[in-house]
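Shown here: work-v1.cif, mmCIF, C-alpha atoms.
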```cif
data_query
loop_
_atom_site.group_PDB
_atom_site.id
_atom_site.type_symbol
_atom_site.label_atom_id
_atom_site.label_comp_id
_atom_site.auth_asym_id
_atom_site.auth_seq_id
_atom_site.Cartn_x
_atom_site.Cartn_y
_atom_site.Cartn_z
ATOM 1 C CA VAL A 1 127.207 70.125 64.020
ATOM 2 C CA ARG A 2 123.970 69.359 65.874
ATOM 3 C CA VAL A 3 123.181 65.776 66.778
ATOM 4 C CA LEU A 4 119.914 64.598 68.336
ATOM 5 C CA LEU A 5 120.849 62.275 71.188
ATOM 6 C CA HIS A 6 117.428 61.301 72.451
ATOM 7 C CA ASN A 7 113.814 62.148 71.612
ATOM 8 C CA PHE A 8 111.397 61.907 74.542
ATOM 9 C CA ASN A 9 108.362 62.433 72.225
ATOM 10 C CA GLY A 10 107.259 65.555 74.099
ATOM 11 C CA PHE A 11 106.971 64.100 77.618
ATOM 12 C CA VAL A 12 109.784 63.723 80.173
ATOM 13 C CA LEU A 13 109.174 62.409 83.670
ATOM 14 C CA PRO A 14 110.840 64.318 86.514
ATOM 15 C CA GLY A 15 114.243 62.942 87.493
ATOM 16 C CA GLN A 16 117.880 62.886 86.560
ATOM 17 C CA TYR A 17 118.936 61.568 83.173
ATOM 18 C CA SER A 18 122.332 60.561 81.864
ATOM 19 C CA ILE A 19 122.646 60.090 78.117
ATOM 20 C CA PRO A 20 126.092 58.832 77.106
ATOM 21 C CA PHE A 21 127.347 59.783 73.664
ATOM 22 C CA GLU A 22 130.560 59.887 71.700
ATOM 23 C CA PHE A 23 131.777 61.640 68.614
ATOM 24 C CA GLN A 24 134.847 61.591 66.393
ATOM 25 C CA LEU A 25 136.768 64.768 65.649
ATOM 26 C CA PRO A 26 137.421 65.395 61.954
ATOM 27 C CA LEU A 27 140.890 64.486 60.668
ATOM 28 C CA GLY A 28 143.193 67.452 60.075
ATOM 29 C CA LEU A 29 141.486 69.605 62.707
ATOM 30 C CA PRO A 30 143.893 72.389 63.769
ATOM 31 C CA GLY A 31 144.728 72.497 67.470
ATOM 32 C CA THR A 32 143.463 75.032 70.002
ATOM 33 C CA PHE A 33 145.521 78.203 69.691
ATOM 34 C CA SER A 34 145.646 81.769 70.976
ATOM 35 C CA GLY A 35 148.369 84.287 70.199
ATOM 36 C CA HIS A 36 148.980 88.016 70.236
ATOM 37 C CA HIS A 37 151.959 90.112 69.181
ATOM 38 C CA GLY A 38 152.684 93.818 69.068
ATOM 39 C CA ALA A 39 150.600 96.854 69.908
ATOM 40 C CA GLY A 40 148.760 99.653 68.140
ATOM 41 C CA SER A 41 148.676 99.581 64.357
ATOM 42 C CA THR A 42 151.136 96.664 64.194
ATOM 43 C CA ALA A 43 149.179 94.446 66.583
ATOM 44 C CA ALA A 44 148.330 90.993 65.312
ATOM 45 C CA SER A 45 146.333 88.295 67.022
ATOM 46 C CA GLY A 46 144.640 85.045 66.217
ATOM 47 C CA SER A 47 142.932 82.162 67.931
ATOM 48 C CA ILE A 48 141.258 78.834 67.386
ATOM 49 C CA ALA A 49 138.840 77.733 70.106
ATOM 50 C CA TYR A 50 136.447 74.800 70.404
ATOM 51 C CA SER A 51 133.529 74.193 72.721
ATOM 52 C CA LEU A 52 130.986 71.513 73.404
ATOM 53 C CA LEU A 53 127.381 72.766 73.499
ATOM 54 C CA THR A 54 124.750 70.646 75.189
ATOM 55 C CA GLU A 55 121.161 71.745 74.764
ATOM 56 C CA VAL A 56 117.815 70.493 76.018
ATOM 57 C CA ASP A 57 114.986 71.597 73.761
ATOM 58 C CA VAL A 58 112.113 72.546 76.067
ATOM 59 C CA LYS A 59 108.721 72.350 74.378
ATOM 60 C CA GLY A 60 106.579 75.477 74.456
ATOM 61 C CA VAL A 61 106.687 79.008 73.077
ATOM 62 C CA PHE A 62 107.656 80.693 76.367
ATOM 63 C CA SER A 63 109.938 77.921 77.629
ATOM 64 C CA PRO A 64 113.622 78.685 76.993
ATOM 65 C CA ASN A 65 115.947 75.843 76.087
ATOM 66 C CA ILE A 66 118.434 74.683 78.717
ATOM 67 C CA ARG A 67 122.068 74.956 77.583
ATOM 68 C CA THR A 68 125.572 74.381 78.810
ATOM 69 C CA LEU A 69 128.753 75.366 77.003
ATOM 70 C CA SER A 70 132.080 73.737 77.905
ATOM 71 C CA PRO A 71 135.469 74.642 76.435
ATOM 72 C CA LEU A 72 137.169 71.789 74.618
ATOM 73 C CA VAL A 73 140.943 71.701 74.083
ATOM 74 C CA VAL A 74 141.992 70.047 70.832
ATOM 75 C CA ASN A 75 145.647 69.022 70.620
ATOM 76 C CA GLU A 76 146.978 68.853 67.129
ATOM 77 C CA VAL A 77 148.302 65.554 65.790
ATOM 78 C CA LEU A 78 152.100 65.461 65.664
ATOM 79 C CA SER A 79 153.290 66.261 62.155
ATOM 80 C CA GLN A 80 156.306 63.970 62.549
ATOM 81 C CA ALA A 81 157.625 61.198 64.740
ATOM 82 C CA VAL A 82 159.306 62.130 68.036
ATOM 83 C CA GLU A 83 163.039 61.684 67.601
ATOM 84 C CA THR A 84 166.341 63.225 68.631
ATOM 85 C CA ILE A 85 167.724 66.235 66.762
ATOM 86 C CA LEU A 86 171.336 66.192 65.601
ATOM 87 C CA SER A 87 172.828 69.222 63.888
ATOM 88 C CA LYS A 88 176.478 69.810 62.898
ATOM 89 C CA ASP A 89 178.430 72.711 61.451
ATOM 90 C CA VAL A 90 182.060 73.636 60.764
ATOM 91 C CA ASP A 91 182.913 77.306 60.265
ATOM 92 C CA PRO A 92 186.206 79.058 59.525
ATOM 93 C CA ILE A 93 187.461 81.514 62.155
ATOM 94 C CA ASN A 94 188.907 84.572 60.429
ATOM 95 C CA PHE A 95 190.643 87.681 61.690
ATOM 96 C CA CYS A 96 189.938 90.903 59.739
ATOM 97 C CA CYS A 97 187.798 88.936 57.254
ATOM 98 C CA CYS A 98 190.732 87.291 55.457
ATOM 99 C CA CYS A 99 193.353 85.933 57.871
ATOM 100 C CA ASN A 100 192.365 82.349 58.699
ATOM 101 C CA LYS A 101 192.867 81.471 62.356
ATOM 102 C CA GLY A 102 191.491 77.914 62.109
ATOM 103 C CA ASN A 103 187.951 76.618 62.397
ATOM 104 C CA ALA A 104 185.290 75.684 64.906
ATOM 105 C CA GLU A 105 183.180 72.544 64.929
ATOM 106 C CA ILE A 106 179.849 72.439 66.725
ATOM 107 C CA GLU A 107 177.486 69.515 67.153
ATOM 108 C CA MET A 108 174.127 69.993 68.841
ATOM 109 C CA LEU A 109 172.026 67.094 70.111
ATOM 110 C CA ALA A 110 168.533 67.671 71.558
ATOM 111 C CA ASN A 111 166.794 64.817 73.325
ATOM 112 C CA LYS A 112 163.717 65.191 71.075
ATOM 113 C CA ASN A 113 162.091 67.365 68.419
ATOM 114 C CA CYS A 114 158.612 67.815 69.981
ATOM 115 C CA TYR A 115 157.833 69.489 73.307
ATOM 116 C CA VAL A 116 154.804 70.765 75.188
ATOM 117 C CA PRO A 117 154.660 74.159 76.943
ATOM 118 C CA GLY A 118 156.413 74.095 80.324
ATOM 119 C CA GLU A 119 158.610 71.132 79.395
ATOM 120 C CA GLN A 120 162.389 71.566 79.694
ATOM 121 C CA ALA A 121 164.476 71.006 76.566
ATOM 122 C CA GLU A 122 167.843 69.342 77.127
ATOM 123 C CA VAL A 123 170.597 70.128 74.653
ATOM 124 C CA VAL A 124 174.122 68.692 74.518
ATOM 125 C CA CYS A 125 176.598 70.869 72.647
ATOM 126 C CA ALA A 126 179.963 69.404 71.578
ATOM 127 C CA ILE A 127 182.439 72.102 70.535
ATOM 128 C CA LYS A 128 185.951 71.902 69.084
ATOM 129 C CA ASN A 129 187.690 75.266 68.933
ATOM 130 C CA ASN A 130 190.383 74.508 66.365
ATOM 131 C CA SER A 131 191.498 78.140 66.296
ATOM 132 C CA ASP A 132 193.705 80.660 68.071
ATOM 133 C CA LYS A 133 190.677 82.785 69.004
ATOM 134 C CA ALA A 134 188.642 82.545 72.203
ATOM 135 C CA PHE A 135 184.847 82.391 71.963
ATOM 136 C CA CYS A 136 183.162 84.940 74.219
ATOM 137 C CA ARG A 137 180.075 82.875 75.044
ATOM 138 C CA VAL A 138 177.824 79.999 74.051
ATOM 139 C CA VAL A 139 174.128 80.808 73.611
ATOM 140 C CA VAL A 140 171.182 78.441 73.222
ATOM 141 C CA SER A 141 167.828 79.993 72.385
ATOM 142 C CA LEU A 142 164.326 79.029 71.319
ATOM 143 C CA HIS A 143 162.808 81.032 68.467
ATOM 144 C CA ARG A 144 159.169 81.224 67.387
ATOM 145 C CA SER A 145 158.267 82.084 63.814
ATOM 146 C CA MET A 146 154.639 83.060 63.277
ATOM 147 C CA THR A 147 153.134 84.032 59.921
ATOM 148 C CA LEU A 148 149.741 85.759 59.956
ATOM 149 C CA SER A 149 147.822 86.508 56.786
ATOM 150 C CA ALA A 150 144.495 88.242 56.214
ATOM 151 C CA GLN A 151 142.914 90.111 53.306
ATOM 152 C CA GLY A 152 146.025 89.787 51.146
ATOM 153 C CA HIS A 153 148.410 91.078 53.814
ATOM 154 C CA VAL A 154 151.125 88.929 55.364
ATOM 155 C CA HIS A 155 152.804 89.695 58.676
ATOM 156 C CA ARG A 156 155.750 87.623 59.907
ATOM 157 C CA VAL A 157 156.931 87.725 63.499
ATOM 158 C CA VAL A 158 160.094 86.078 64.803
ATOM 159 C CA ASP A 159 160.521 86.112 68.594
ATOM 160 C CA THR A 160 163.114 84.727 70.974
ATOM 161 C CA MET A 161 160.992 82.819 73.489
ATOM 162 C CA SER A 162 163.800 81.632 75.765
ATOM 163 C CA ARG A 163 167.546 82.241 75.860
ATOM 164 C CA ASN A 164 170.398 80.986 78.033
ATOM 165 C CA GLN A 165 173.982 82.192 77.859
ATOM 166 C CA TYR A 166 177.020 80.243 79.027
ATOM 167 C CA SER A 167 180.716 81.078 79.481
ATOM 168 C CA GLY A 168 183.088 81.157 76.514
ATOM 169 C CA ILE A 169 185.532 78.645 75.061
ATOM 170 C CA VAL A 170 189.297 79.148 75.172
ATOM 171 C CA PRO A 171 191.465 78.667 72.055
ATOM 172 C CA ARG A 172 192.135 75.035 71.034
ATOM 173 C CA ALA A 173 189.619 73.721 73.601
ATOM 174 C CA VAL A 174 187.693 70.510 72.939
ATOM 175 C CA HIS A 175 184.397 69.853 74.710
ATOM 176 C CA ILE A 176 183.105 66.465 73.559
ATOM 177 C CA GLY A 177 181.781 63.372 75.309
ATOM 178 C CA GLU A 178 181.791 63.855 79.088
ATOM 179 C CA THR A 179 183.059 67.454 78.756
ATOM 180 C CA ALA A 180 180.400 68.500 76.219
ATOM 181 C CA LEU A 181 178.259 71.402 77.366
ATOM 182 C CA LYS A 182 174.920 70.405 78.876
ATOM 183 C CA LEU A 183 172.484 73.228 78.076
ATOM 184 C CA THR A 184 168.827 73.627 78.993
ATOM 185 C CA LEU A 185 165.933 75.804 77.943
ATOM 186 C CA PRO A 186 163.252 76.348 80.567
#
```
Show this structure as structure tokens.
Amino acid sequence: VRVLLHNFNGFVLPGQYSIPFEFQLPLGLPGTFSGHHGAGSTAASGSIAYSLLTEVDVKGVFSPNIRTLSPLVVNEVLSQAVETILSKDVDPINFCCCCNKGNAEIEMLANKNCYVPGEQAEVVCAIKNNSDKAFCRVVVSLHRSMTLSAQGHVHRVVDTMSRNQYSGIVPRAVHIGETALKLTLP
């Protein structure tokens, strides 16, 4: 979009000029993005970039216009309100697929559902091992799912972006409240 900010009617006195202006970004504008995955024939990449072009139209056939181009970062509007995440599950613990050894209850609480790159996610994990089996480890990980489509082809990539592993849980152990596991993702 080109917008005329000021017309000097063909004559500008020497000096320094400052012309303030403002503009409103369109609603629904996708945020700045750059991503790449894979190599060779399976490589996929995509980007969205914005810039602000300022141009002074210099009169005359052999007088080039004066331009400056500045990158502009557009952050996407949050698609939902920032709130805590609470997730629960109860699973049976079986031996040899059919011999029930009890169950395990897990409750995960994250301090919020929206983060920015570089921010640390804090997760509290309450676990009840209501079984006779020990759990080898507790893992918390961050996964990215990216779907790329072009010319009728769709490519889906699922990556583990960050992963932390913690020690296991002994049989019949209960880790809730003050003893719940405090997990972080860098």
### Task
For the structure shown, which residues end up in the PyMOL selection byres ((chain A and resi 137-144) around 6)? Put them as a PyMOL selection string, please?
chain A and resi 135-136+145+158-168
### Task
Let me know the residues the PyMOL selection byres ((chain A and resi 28-36) around 8) catches in the file above, as a VMD selection string.
chain A and resid 25 to 27 37 to 38 43 to 50 73 to 77
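For the set A:Val174, A:Leu183, A:Ile85, A:Leu148, the residue with the smallest atom-to-atom gap to A:Glu105 is A:Val174, counting only C-alpha atoms.
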### Query
Which is closest to A:Ser87 among A:Val124, A:Cys114, A:Met146, A:Leu72, if we use all atoms listed in the file?
A:Val124
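Atom pair atom CA of A:Asn94 / atom CA of A:Asn130 has a distance of 11.8 Å (rounded to one decimal).
Among the candidates A:Ser41, A:Gln24, A:Asn9, A:Thr179, the residue lying nearest to A:Ile127 is A:Thr179 (atoms considered: all atoms listed in the file).
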### Message
Can you pull out the residues contacting A:Lys182? Cut-off 8 Å, using all atoms listed in the file, and skip same-chain residues under 3 positions away; I want them as a ChimeraX atom specification.
### Response
/A:122-125
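With distances taken over only C-alpha atoms, A:Phe23 is the one residue among A:Pro64, A:Lys133, A:Phe23, A:Tyr115 lying closest to A:Leu52.
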If I wrap all listed atoms of stretch 6-16 of chain A in a box with edges along x, y and z and add 5 Å on each side, what are its centre and edge lengths in Å to one decimal, as AutoDock Vina command-line options?
```
--center_x 112.4 --center_y 63.4 --center_z 79.6 --size_x 20.9 --size_y 14.3 --size_z 25.9
```
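Here atom CA of A:Asp57 and atom CA of A:Ser70 stand 17.7 Å from one another.
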### Task
On this file, the PyMOL selection byres ((chain A and resi 81) around 10) gives some set of residues; write that set as an NGL selection string.
:A and (78-80 or 82-84 or 112-114)
### Message
I need the residue nearest A:Thr54 from this list: A:Leu69, A:Leu13, A:Ile169, A:Leu109. Use all atoms listed in the file for the distance.
### Response
A:Leu69
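Separating atom CA of A:Gly15 from atom CA of A:Ile66 is a distance of 15.2 Å.
Remark: for A:Pro171, the closest of the candidate residues A:Gly102, A:Pro71, A:Pro92, A:Gly40 is A:Gly102 (distances computed over all atoms listed in the file).
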Identify the residues around (185.6, 73.0, 63.2) within a radius of 7 Å, measuring from all atoms listed in the file in the coordinates stated by the file, and give them as an mmCIF file with C-alpha atoms, in the frame of the given file.
```cif
data_model
loop_
_atom_site.group_PDB
_atom_site.id
_atom_site.type_symbol
_atom_site.label_atom_id
_atom_site.label_comp_id
_atom_site.auth_asym_id
_atom_site.auth_seq_id
_atom_site.Cartn_x
_atom_site.Cartn_y
_atom_site.Cartn_z
ATOM 1 C CA VAL A 90 182.060 73.636 60.764
ATOM 2 C CA ASP A 91 182.913 77.306 60.265
ATOM 3 C CA ASN A 103 187.951 76.618 62.397
ATOM 4 C CA ALA A 104 185.290 75.684 64.906
ATOM 5 C CA GLU A 105 183.180 72.544 64.929
ATOM 6 C CA ILE A 106 179.849 72.439 66.725
ATOM 7 C CA LYS A 128 185.951 71.902 69.084
ATOM 8 C CA ASN A 129 187.690 75.266 68.933
ATOM 9 C CA ASN A 130 190.383 74.508 66.365
#
```
